file target_17.cif (mmCIF, C-alpha atoms)
data_protein
loop_
_atom_site.group_PDB
_atom_site.id
_atom_site.type_symbol
_atom_site.label_atom_id
_atom_site.label_comp_id
_atom_site.auth_asym_id
_atom_site.auth_seq_id
_atom_site.Cartn_x
_atom_site.Cartn_y
_atom_site.Cartn_z
ATOM 1 C CA MET A 213 0.000 0.000 0.000
ATOM 2 C CA LEU A 214 2.857 2.380 0.770
ATOM 3 C CA GLU A 215 4.347 1.788 -2.669
ATOM 4 C CA SER A 216 1.013 2.714 -4.242
ATOM 5 C CA LEU A 217 0.945 6.009 -2.340
ATOM 6 C CA GLU A 218 4.544 6.726 -3.331
ATOM 7 C CA LEU A 219 3.681 6.198 -6.985
ATOM 8 C CA VAL A 220 0.679 8.532 -6.736
ATOM 9 C CA ALA A 221 2.828 11.195 -5.042
ATOM 10 C CA TYR A 222 5.584 10.808 -7.650
ATOM 11 C CA ASP A 223 3.059 11.065 -10.491
ATOM 12 C CA LEU A 224 1.626 14.243 -8.955
ATOM 13 C CA CYS A 225 5.105 15.780 -8.610
ATOM 14 C CA ILE A 226 5.895 15.022 -12.254
ATOM 15 C CA ARG A 227 2.605 16.545 -13.407
ATOM 16 C CA LEU A 228 3.199 19.721 -11.397
ATOM 17 C CA GLN A 229 6.625 20.387 -12.910
ATOM 18 C CA PRO A 230 6.895 23.178 -15.489
ATOM 19 C CA GLY A 231 6.242 22.204 -19.078
ATOM 20 C CA ASP A 232 8.789 21.532 -21.796
ATOM 21 C CA THR A 233 11.559 24.112 -21.635
ATOM 22 C CA GLY A 234 12.695 23.475 -25.198
ATOM 23 C CA ALA A 235 15.142 21.207 -26.919
ATOM 24 C CA ASP A 236 18.542 20.499 -25.430
ATOM 25 C CA ARG A 237 21.005 22.028 -27.900
ATOM 26 C CA ARG A 238 23.666 19.525 -26.799
ATOM 27 C CA ILE A 239 21.753 16.653 -28.393
ATOM 28 C CA VAL A 240 21.785 16.080 -32.140
ATOM 29 C CA LEU A 241 20.083 13.219 -33.931
ATOM 30 C CA ILE A 242 21.558 12.051 -37.201
ATOM 31 C CA THR A 243 19.361 9.819 -39.299
ATOM 32 C CA VAL A 244 20.944 7.006 -41.282
ATOM 33 C CA THR A 245 18.530 5.724 -43.913
ATOM 34 C CA GLU A 246 18.506 2.521 -45.927
ATOM 35 C CA ASP A 247 19.559 4.631 -48.918
ATOM 36 C CA ASP A 248 22.585 5.933 -46.966
ATOM 37 C CA ILE A 249 23.607 2.368 -46.149
ATOM 38 C CA ARG A 250 23.202 1.296 -49.785
ATOM 39 C CA LYS A 251 25.380 4.206 -50.931
ATOM 40 C CA GLN A 252 28.136 3.242 -48.451
ATOM 41 C CA GLY A 253 27.785 -0.435 -49.304
ATOM 42 C CA HIS A 254 27.919 -1.749 -45.732
ATOM 43 C CA TRP A 255 26.706 -1.447 -42.174
ATOM 44 C CA PRO A 256 27.776 -0.244 -39.704
ATOM 45 C CA LEU A 257 29.137 2.966 -41.125
ATOM 46 C CA THR A 258 32.820 3.496 -40.469
ATOM 47 C CA MET A 259 34.068 6.075 -37.986
ATOM 48 C CA LYS A 260 35.501 7.956 -40.976
ATOM 49 C CA HIS A 261 32.025 8.359 -42.486
ATOM 50 C CA LEU A 262 30.440 9.222 -39.142
ATOM 51 C CA SER A 263 33.156 11.791 -38.406
ATOM 52 C CA LYS A 264 32.630 13.382 -41.803
ATOM 53 C CA SER A 265 28.899 13.674 -41.108
ATOM 54 C CA LEU A 266 29.440 15.073 -37.630
ATOM 55 C CA ALA A 267 31.919 17.651 -38.915
ATOM 56 C CA ALA A 268 28.919 19.479 -40.386
ATOM 57 C CA VAL A 269 27.460 19.946 -36.882
ATOM 58 C CA PRO A 270 28.738 23.093 -35.137
ATOM 59 C CA ARG A 271 30.724 22.513 -31.929
ATOM 60 C CA CYS A 272 30.461 18.762 -32.277
ATOM 61 C CA VAL A 273 32.655 16.592 -30.078
ATOM 62 C CA LEU A 274 32.967 13.010 -31.294
ATOM 63 C CA ARG A 275 33.122 10.479 -28.485
ATOM 64 C CA GLY A 276 33.653 6.769 -28.828
ATOM 65 C CA GLU A 277 36.013 4.672 -30.901
#
call {"tool": "encode", "arguments": {"input": "target_17.cif", "output": "structure tokens"}}
result
Amino acid sequence: MLESLELVAYDLCIRLQPGDTGADRRIVLITVTEDDIRKQGHWPLTMKHLSKSLAAVPRCVLRGE
């Protein structure tokens, strides 16, 4: 029963928070389509191709391999 009350209280707190404050400019989504994969000839795309795509994004920092 206590868990049920906690969930109701949590739900109420979430609902009372201010609305969407806008998109986070630190997050960028890059779409890779089937056509993109066909043009490259393989999946996954190489880091070289991903880096080239990300170079077009201002202030982009590539993390990973």
call {"tool": "resolve_selection", "arguments": {"input": "target_17.cif", "expression": "the PyMOL selection byres ((chain A and resi 259-273) around 12)", "output": "PDB file with C-alpha atoms, in the frame of the given file"}}
result
ATOM      1  CA  ARG A 237      21.005  22.028 -27.900  1.00  0.00           C
ATOM      2  CA  ARG A 238      23.666  19.525 -26.799  1.00  0.00           C
ATOM      3  CA  ILE A 239      21.753  16.653 -28.393  1.00  0.00           C
ATOM      4  CA  VAL A 240      21.785  16.080 -32.140  1.00  0.00           C
ATOM      5  CA  LEU A 241      20.083  13.219 -33.931  1.00  0.00           C
ATOM      6  CA  ILE A 242      21.558  12.051 -37.201  1.00  0.00           C
ATOM      7  CA  THR A 243      19.361   9.819 -39.299  1.00  0.00           C
ATOM      8  CA  VAL A 244      20.944   7.006 -41.282  1.00  0.00           C
ATOM      9  CA  ASP A 248      22.585   5.933 -46.966  1.00  0.00           C
ATOM     10  CA  ILE A 249      23.607   2.368 -46.149  1.00  0.00           C
ATOM     11  CA  LYS A 251      25.380   4.206 -50.931  1.00  0.00           C
ATOM     12  CA  GLN A 252      28.136   3.242 -48.451  1.00  0.00           C
ATOM     13  CA  GLY A 253      27.785  -0.435 -49.304  1.00  0.00           C
ATOM     14  CA  HIS A 254      27.919  -1.749 -45.732  1.00  0.00           C
ATOM     15  CA  TRP A 255      26.706  -1.447 -42.174  1.00  0.00           C
ATOM     16  CA  PRO A 256      27.776  -0.244 -39.704  1.00  0.00           C
ATOM     17  CA  LEU A 257      29.137   2.966 -41.125  1.00  0.00           C
ATOM     18  CA  THR A 258      32.820   3.496 -40.469  1.00  0.00           C
ATOM     19  CA  LEU A 274      32.967  13.010 -31.294  1.00  0.00           C
ATOM     20  CA  ARG A 275      33.122  10.479 -28.485  1.00  0.00           C
ATOM     21  CA  GLY A 276      33.653   6.769 -28.828  1.00  0.00           C
ATOM     22  CA  GLU A 277      36.013   4.672 -30.901  1.00  0.00           C
TER      23      GLU A 277
END
call {"tool": "atom_distance", "arguments": {"input": "target_17.cif", "atom1": "CA of Glu215 (chain A)", "atom2": "CA of Gln229 (chain A)"}}
result
21.4 Å
call {"tool": "axis_aligned_box", "arguments": {"input": "target_17.cif", "around": "region 240-244 of chain A", "padding_each_side": "4 Å", "output": "lines of an AutoDock Vina configuration file"}}
result
center_x = 20.6
center_y = 11.5
center_z = -36.7
size_x = 10.4
size_y = 17.1
size_z = 17.1
call {"tool": "atom_distance", "arguments": {"input": "target_17.cif", "atom1": "CA of Glu218 (chain A)", "atom2": "CA of Asp236 (chain A)"}}
result
29.6 Å
call {"tool": "atom_distance", "arguments": {"input": "target_17.cif", "atom1": "CA of Ala221 (chain A)", "atom2": "CA of Gly234 (chain A)"}}
result
25.6 Å
